[in-house]
Amino acid sequence: MENSSKGNKKQTIASSCLFLLYIATFTVAEVLEAHHHHHRHNRHGSVKLFVFGDSYADTGNTRKSISASWKEPYGITFPRKPAGRFSDGLVLTDYIASFLGIRSPVPYTLRKFVKKSKLESGMNFAYGGTGVFDTVFGGPNLTTQIDFFQQLLEQKLYSTKNDVVNSSIALVSVAGNDYAAYFGNHTEDFTVVTKSIIKQLAVDLERIYELGVRKIAVTAIGPLGCLPRMTSFLSYQNCSEVANLVSIFHNQILRQKVEELNKETKKSSFVILDLYNASLSAIMLPKHHQGYSTLQINPLKPCCVGVSNEYSCGSVNESGTKKYIVCDKPKLSFFWDSIHPSQNGWHEVYSAIKSSLRQLYL
């Protein structure tokens, strides 16, 4: 019995080590993949990626003075310091840029502080906390972000409109923040709220298309009921099925609207990136994964949390003392903080939506 126990223990340790080694290869794999896609897709010049939306796509637009994304411990995995991303490292925008074989687009607010050559991969107009409409968090809504894009085209920052038409893809990651008011105040039926959001979102998507972008990827919203902000009330043990129904309904109406838009353009110009099922699969899979179960990782529990309910990830008191805790293994977590996936979480999502991303080249 003793020898059998020791043998099982060694096997478990070996499995855990292999799992950790697998996780550690993510970044290297992404770099290699970026080179692969660069040679495969960019034979006729660089693709441009124009990004619109919220904190899931923001790579540095939100002001340093008000955003936790510019404070420690954000960015501890990449680039090993706070850099304006709402994560410990890479976010959705970075992974999609990697897929396209280009550098991550420069944030709109930083465009005047970089060499013009760095603008060739496109631009990121996404701001953390924003939505299709104005939100409780402030910042330019989706319509205003598209205004910024149109102004740059009119200023001929990108040589001609034809230049945009031939070599551009748009990523639109938005709508989660539009439901923040709903969850805070249930005075309105969520189906009415959803239809209003999708109606305006469709107008915005059409506008991006009319400005010359011929391939537009729009995200279906993830499972809102699985966000740590929601699951904390359930001790991070289960997702809120009621909140997830909002996501499911939103995504159903979005799919109907995107089908209509594709019929109007007579092309598959609009592609949905299914963050809902991608996230849910990544969250549920670890429960059956030997590496995760051995290491006792709970995918619903965020890596970075405040020491109490009055604090959050990145909080410090008046004397500058840290009021947050970071988990021992950020690279194994799915959620970084109460709302945002970690770099590992985004990698899992990216892996699941690759087939949809390939449609951007059809």
# chains A, B, ... in the order shown; residues from 1 in each chain; ligands from 1

call {"tool": "residues_around", "arguments": {"residues": "A:Ser356", "least_positions_apart": "3", "cutoff": "9 Å", "atoms": "only C-alpha atoms", "output": "list in words"}}
result
Ala217, Val271, Ile272, Leu273, Asp274, Ala352, Ile353, Gln359 and Leu360 of chain A

call {"tool": "closest_atom_pairs", "arguments": {"of": "stretch 216-242 of chain A", "to": "stretch 44-57 of chain A", "cutoff": "12 Å", "atoms": "only C-alpha atoms", "output": "Markdown table"}}
result
| residue | atom | partner | partner_atom | distance |
| --- | --- | --- | --- | --- |
| A:Ile216 | CA | A:Phe50 | CA | 9.3 |
| A:Ala217 | CA | A:Val51 | CA | 9.6 |
| A:Val218 | CA | A:Phe52 | CA | 9.5 |
| A:Thr219 | CA | A:Gly53 | CA | 9.7 |
| A:Ile221 | CA | A:Tyr56 | CA | 10.4 |
| A:Gly222 | CA | A:Tyr56 | CA | 10.6 |

call {"tool": "residues_around", "arguments": {"residues": "A:Asn277", "least_positions_apart": "2", "cutoff": "12 Å", "atoms": "only C-alpha atoms", "output": "PyMOL selection string"}}
result
chain A and resi 219-224+226+244+247-248+251+272-275+279-285+348-353

call {"tool": "residues_around", "arguments": {"residues": "A:Leu227", "least_positions_apart": "4", "cutoff": "10 Å", "atoms": "only C-alpha atoms", "output": "MDAnalysis selection string"}}
result
chainID A and resid 222:223 231:232 236 239:240 243:244 300:302 335 337:341

call {"tool": "select_by_dssp", "arguments": {"residues": "stretch 67-273 of chain A", "states": "alpha helix (DSSP H)", "output": "PyMOL selection string"}}
result
chain A and resi 92-100+142-154+161-166+180-184+190-210+228-231+241-265

call {"tool": "closest_residue", "arguments": {"among": "A:Gly225, A:Gly212, A:Gly84, A:Gly139", "to": "A:Pro107", "atoms": "only C-alpha atoms"}}
result
A:Gly84

call {"tool": "closest_residue", "arguments": {"among": "A:Gly75, A:Ile169, A:Asn61, A:Ser196", "to": "A:Gly314", "atoms": "only C-alpha atoms"}}
result
A:Gly75

call {"tool": "residues_around", "arguments": {"residues": "stretch 133-135 of chain A", "least_positions_apart": "5", "cutoff": "7 Å", "atoms": "only C-alpha atoms", "output": "number ranges by chain"}}
result
A: 141-142, 177-178

call {"tool": "residues_around", "arguments": {"residues": "A:Phe78", "least_positions_apart": "2", "cutoff": "9 Å", "atoms": "only C-alpha atoms", "output": "MDAnalysis selection string"}}
result
chainID A and resid 74:76 80:83 87:90 343

call {"tool": "write_last_selection", "arguments": {"atoms": "N, CA, C and O atoms", "output": "PDB file, in the first residue's frame"}}
result
ATOM      1  N   TYR A  74      -1.510  45.344 -11.863  1.00  0.00           N
ATOM      2  CA  TYR A  74      -1.868  45.118 -13.259  1.00  0.00           C
ATOM      3  C   TYR A  74      -0.596  45.080 -14.108  1.00  0.00           C
ATOM      4  O   TYR A  74       0.332  45.853 -13.885  1.00  0.00           O
ATOM      5  N   GLY A  75      -0.566  44.148 -15.059  1.00  0.00           N
ATOM      6  CA  GLY A  75       0.594  44.028 -15.936  1.00  0.00           C
ATOM      7  C   GLY A  75       1.750  43.225 -15.380  1.00  0.00           C
ATOM      8  O   GLY A  75       2.830  43.203 -15.979  1.00  0.00           O
ATOM      9  N   ILE A  76       1.551  42.502 -14.274  1.00  0.00           N
ATOM     10  CA  ILE A  76       2.691  41.803 -13.654  1.00  0.00           C
ATOM     11  C   ILE A  76       3.209  40.644 -14.503  1.00  0.00           C
ATOM     12  O   ILE A  76       4.387  40.278 -14.418  1.00  0.00           O
ATOM     13  N   ARG A  80       5.197  43.179 -17.318  1.00  0.00           N
ATOM     14  CA  ARG A  80       5.823  43.167 -15.984  1.00  0.00           C
ATOM     15  C   ARG A  80       5.762  44.537 -15.294  1.00  0.00           C
ATOM     16  O   ARG A  80       6.541  44.825 -14.393  1.00  0.00           O
ATOM     17  N   LYS A  81       4.837  45.358 -15.735  1.00  0.00           N
ATOM     18  CA  LYS A  81       4.563  46.645 -15.091  1.00  0.00           C
ATOM     19  C   LYS A  81       3.191  47.113 -15.572  1.00  0.00           C
ATOM     20  O   LYS A  81       2.707  46.660 -16.624  1.00  0.00           O
ATOM     21  N   PRO A  82       2.511  48.009 -14.861  1.00  0.00           N
ATOM     22  CA  PRO A  82       1.205  48.508 -15.320  1.00  0.00           C
ATOM     23  C   PRO A  82       1.352  49.206 -16.669  1.00  0.00           C
ATOM     24  O   PRO A  82       2.271  50.022 -16.849  1.00  0.00           O
ATOM     25  N   ALA A  83       0.474  48.869 -17.610  1.00  0.00           N
ATOM     26  CA  ALA A  83       0.586  49.446 -18.952  1.00  0.00           C
ATOM     27  C   ALA A  83      -0.769  49.787 -19.565  1.00  0.00           C
ATOM     28  O   ALA A  83      -0.882  49.930 -20.779  1.00  0.00           O
ATOM     29  N   SER A  87      -5.742  43.640 -16.900  1.00  0.00           N
ATOM     30  CA  SER A  87      -5.369  42.242 -16.734  1.00  0.00           C
ATOM     31  C   SER A  87      -3.964  42.189 -16.151  1.00  0.00           C
ATOM     32  O   SER A  87      -3.316  43.217 -15.982  1.00  0.00           O
ATOM     33  N   ASP A  88      -3.502  40.960 -15.886  1.00  0.00           N
ATOM     34  CA  ASP A  88      -2.106  40.807 -15.472  1.00  0.00           C
ATOM     35  C   ASP A  88      -1.184  40.809 -16.680  1.00  0.00           C
ATOM     36  O   ASP A  88       0.034  40.894 -16.544  1.00  0.00           O
ATOM     37  N   GLY A  89      -1.764  40.704 -17.880  1.00  0.00           N
ATOM     38  CA  GLY A  89      -0.949  40.648 -19.094  1.00  0.00           C
ATOM     39  C   GLY A  89      -1.749  40.965 -20.336  1.00  0.00           C
ATOM     40  O   GLY A  89      -2.480  41.952 -20.395  1.00  0.00           O
ATOM     41  N   LEU A  90      -1.631  40.102 -21.340  1.00  0.00           N
ATOM     42  CA  LEU A  90      -2.282  40.325 -22.630  1.00  0.00           C
ATOM     43  C   LEU A  90      -3.804  40.239 -22.518  1.00  0.00           C
ATOM     44  O   LEU A  90      -4.335  39.528 -21.671  1.00  0.00           O
ATOM     45  N   GLN A 343      -4.395  36.925 -18.351  1.00  0.00           N
ATOM     46  CA  GLN A 343      -3.772  36.598 -19.638  1.00  0.00           C
ATOM     47  C   GLN A 343      -4.057  35.149 -20.002  1.00  0.00           C
ATOM     48  O   GLN A 343      -4.387  34.840 -21.146  1.00  0.00           O
TER      49      GLN A 343
END

call {"tool": "residues_around", "arguments": {"residues": "A:Ile197", "least_positions_apart": "3", "cutoff": "8 Å", "atoms": "only C-alpha atoms", "output": "list in words"}}
result
Val132, Phe133, Ala175, Asp178, Val193, Thr194, Gln200 and Leu201 of chain A

call {"tool": "write_last_selection", "arguments": {"atoms": "all heavy atoms", "output": "mmCIF file, in the first residue's frame"}}
result
data_model
loop_
_atom_site.group_PDB
_atom_site.id
_atom_site.type_symbol
_atom_site.label_atom_id
_atom_site.label_comp_id
_atom_site.auth_asym_id
_atom_site.auth_seq_id
_atom_site.Cartn_x
_atom_site.Cartn_y
_atom_site.Cartn_z
ATOM 1 N N VAL A 132 -22.140 50.653 -25.462
ATOM 2 C CA VAL A 132 -22.837 51.114 -26.666
ATOM 3 C C VAL A 132 -23.416 52.498 -26.382
ATOM 4 O O VAL A 132 -23.304 53.424 -27.190
ATOM 5 C CB VAL A 132 -23.955 50.124 -27.059
ATOM 6 C CG1 VAL A 132 -24.789 50.684 -28.210
ATOM 7 C CG2 VAL A 132 -23.357 48.768 -27.432
ATOM 8 N N PHE A 133 -24.002 52.640 -25.197
ATOM 9 C CA PHE A 133 -24.505 53.935 -24.731
ATOM 10 C C PHE A 133 -23.568 54.463 -23.644
ATOM 11 O O PHE A 133 -22.625 53.787 -23.245
ATOM 12 C CB PHE A 133 -25.923 53.779 -24.174
ATOM 13 C CG PHE A 133 -26.938 53.316 -25.175
ATOM 14 C CD1 PHE A 133 -27.514 52.047 -25.079
ATOM 15 C CD2 PHE A 133 -27.323 54.133 -26.225
ATOM 16 C CE1 PHE A 133 -28.454 51.605 -26.002
ATOM 17 C CE2 PHE A 133 -28.262 53.712 -27.165
ATOM 18 C CZ PHE A 133 -28.829 52.445 -27.051
ATOM 19 N N ALA A 175 -20.712 46.094 -24.728
ATOM 20 C CA ALA A 175 -22.088 45.838 -24.258
ATOM 21 C C ALA A 175 -22.167 45.360 -22.821
ATOM 22 O O ALA A 175 -23.189 45.544 -22.169
ATOM 23 C CB ALA A 175 -22.860 44.888 -25.164
ATOM 24 N N ASP A 178 -23.061 48.083 -20.490
ATOM 25 C CA ASP A 178 -24.419 48.607 -20.669
ATOM 26 C C ASP A 178 -25.418 47.927 -19.742
ATOM 27 O O ASP A 178 -26.487 48.458 -19.460
ATOM 28 C CB ASP A 178 -24.867 48.421 -22.123
ATOM 29 C CG ASP A 178 -24.156 49.368 -23.073
ATOM 30 O OD1 ASP A 178 -24.471 50.564 -23.058
ATOM 31 O OD2 ASP A 178 -23.265 48.903 -23.803
ATOM 32 N N VAL A 193 -34.163 46.393 -22.614
ATOM 33 C CA VAL A 193 -32.809 46.958 -22.564
ATOM 34 C C VAL A 193 -31.943 46.340 -23.660
ATOM 35 O O VAL A 193 -31.245 47.048 -24.394
ATOM 36 C CB VAL A 193 -32.165 46.695 -21.176
ATOM 37 C CG1 VAL A 193 -30.694 47.116 -21.171
ATOM 38 C CG2 VAL A 193 -32.936 47.422 -20.089
ATOM 39 N N THR A 194 -32.017 45.028 -23.776
ATOM 40 C CA THR A 194 -31.202 44.313 -24.768
ATOM 41 C C THR A 194 -31.526 44.756 -26.187
ATOM 42 O O THR A 194 -30.622 45.036 -26.987
ATOM 43 C CB THR A 194 -31.410 42.791 -24.644
ATOM 44 O OG1 THR A 194 -30.950 42.363 -23.370
ATOM 45 C CG2 THR A 194 -30.665 42.043 -25.743
ATOM 46 N N GLN A 200 -28.885 49.932 -31.438
ATOM 47 C CA GLN A 200 -27.861 50.955 -31.608
ATOM 48 C C GLN A 200 -26.534 50.336 -32.044
ATOM 49 O O GLN A 200 -25.804 50.916 -32.858
ATOM 50 C CB GLN A 200 -27.660 51.731 -30.300
ATOM 51 C CG GLN A 200 -26.624 52.849 -30.393
ATOM 52 C CD GLN A 200 -26.942 53.867 -31.474
ATOM 53 O OE1 GLN A 200 -28.085 54.316 -31.602
ATOM 54 N NE2 GLN A 200 -25.933 54.230 -32.263
ATOM 55 N N LEU A 201 -26.218 49.154 -31.515
ATOM 56 C CA LEU A 201 -24.982 48.469 -31.902
ATOM 57 C C LEU A 201 -24.971 48.190 -33.399
ATOM 58 O O LEU A 201 -23.943 48.360 -34.072
ATOM 59 C CB LEU A 201 -24.838 47.155 -31.115
ATOM 60 C CG LEU A 201 -23.637 46.261 -31.461
ATOM 61 C CD1 LEU A 201 -22.321 47.011 -31.300
ATOM 62 C CD2 LEU A 201 -23.651 45.007 -30.593
#
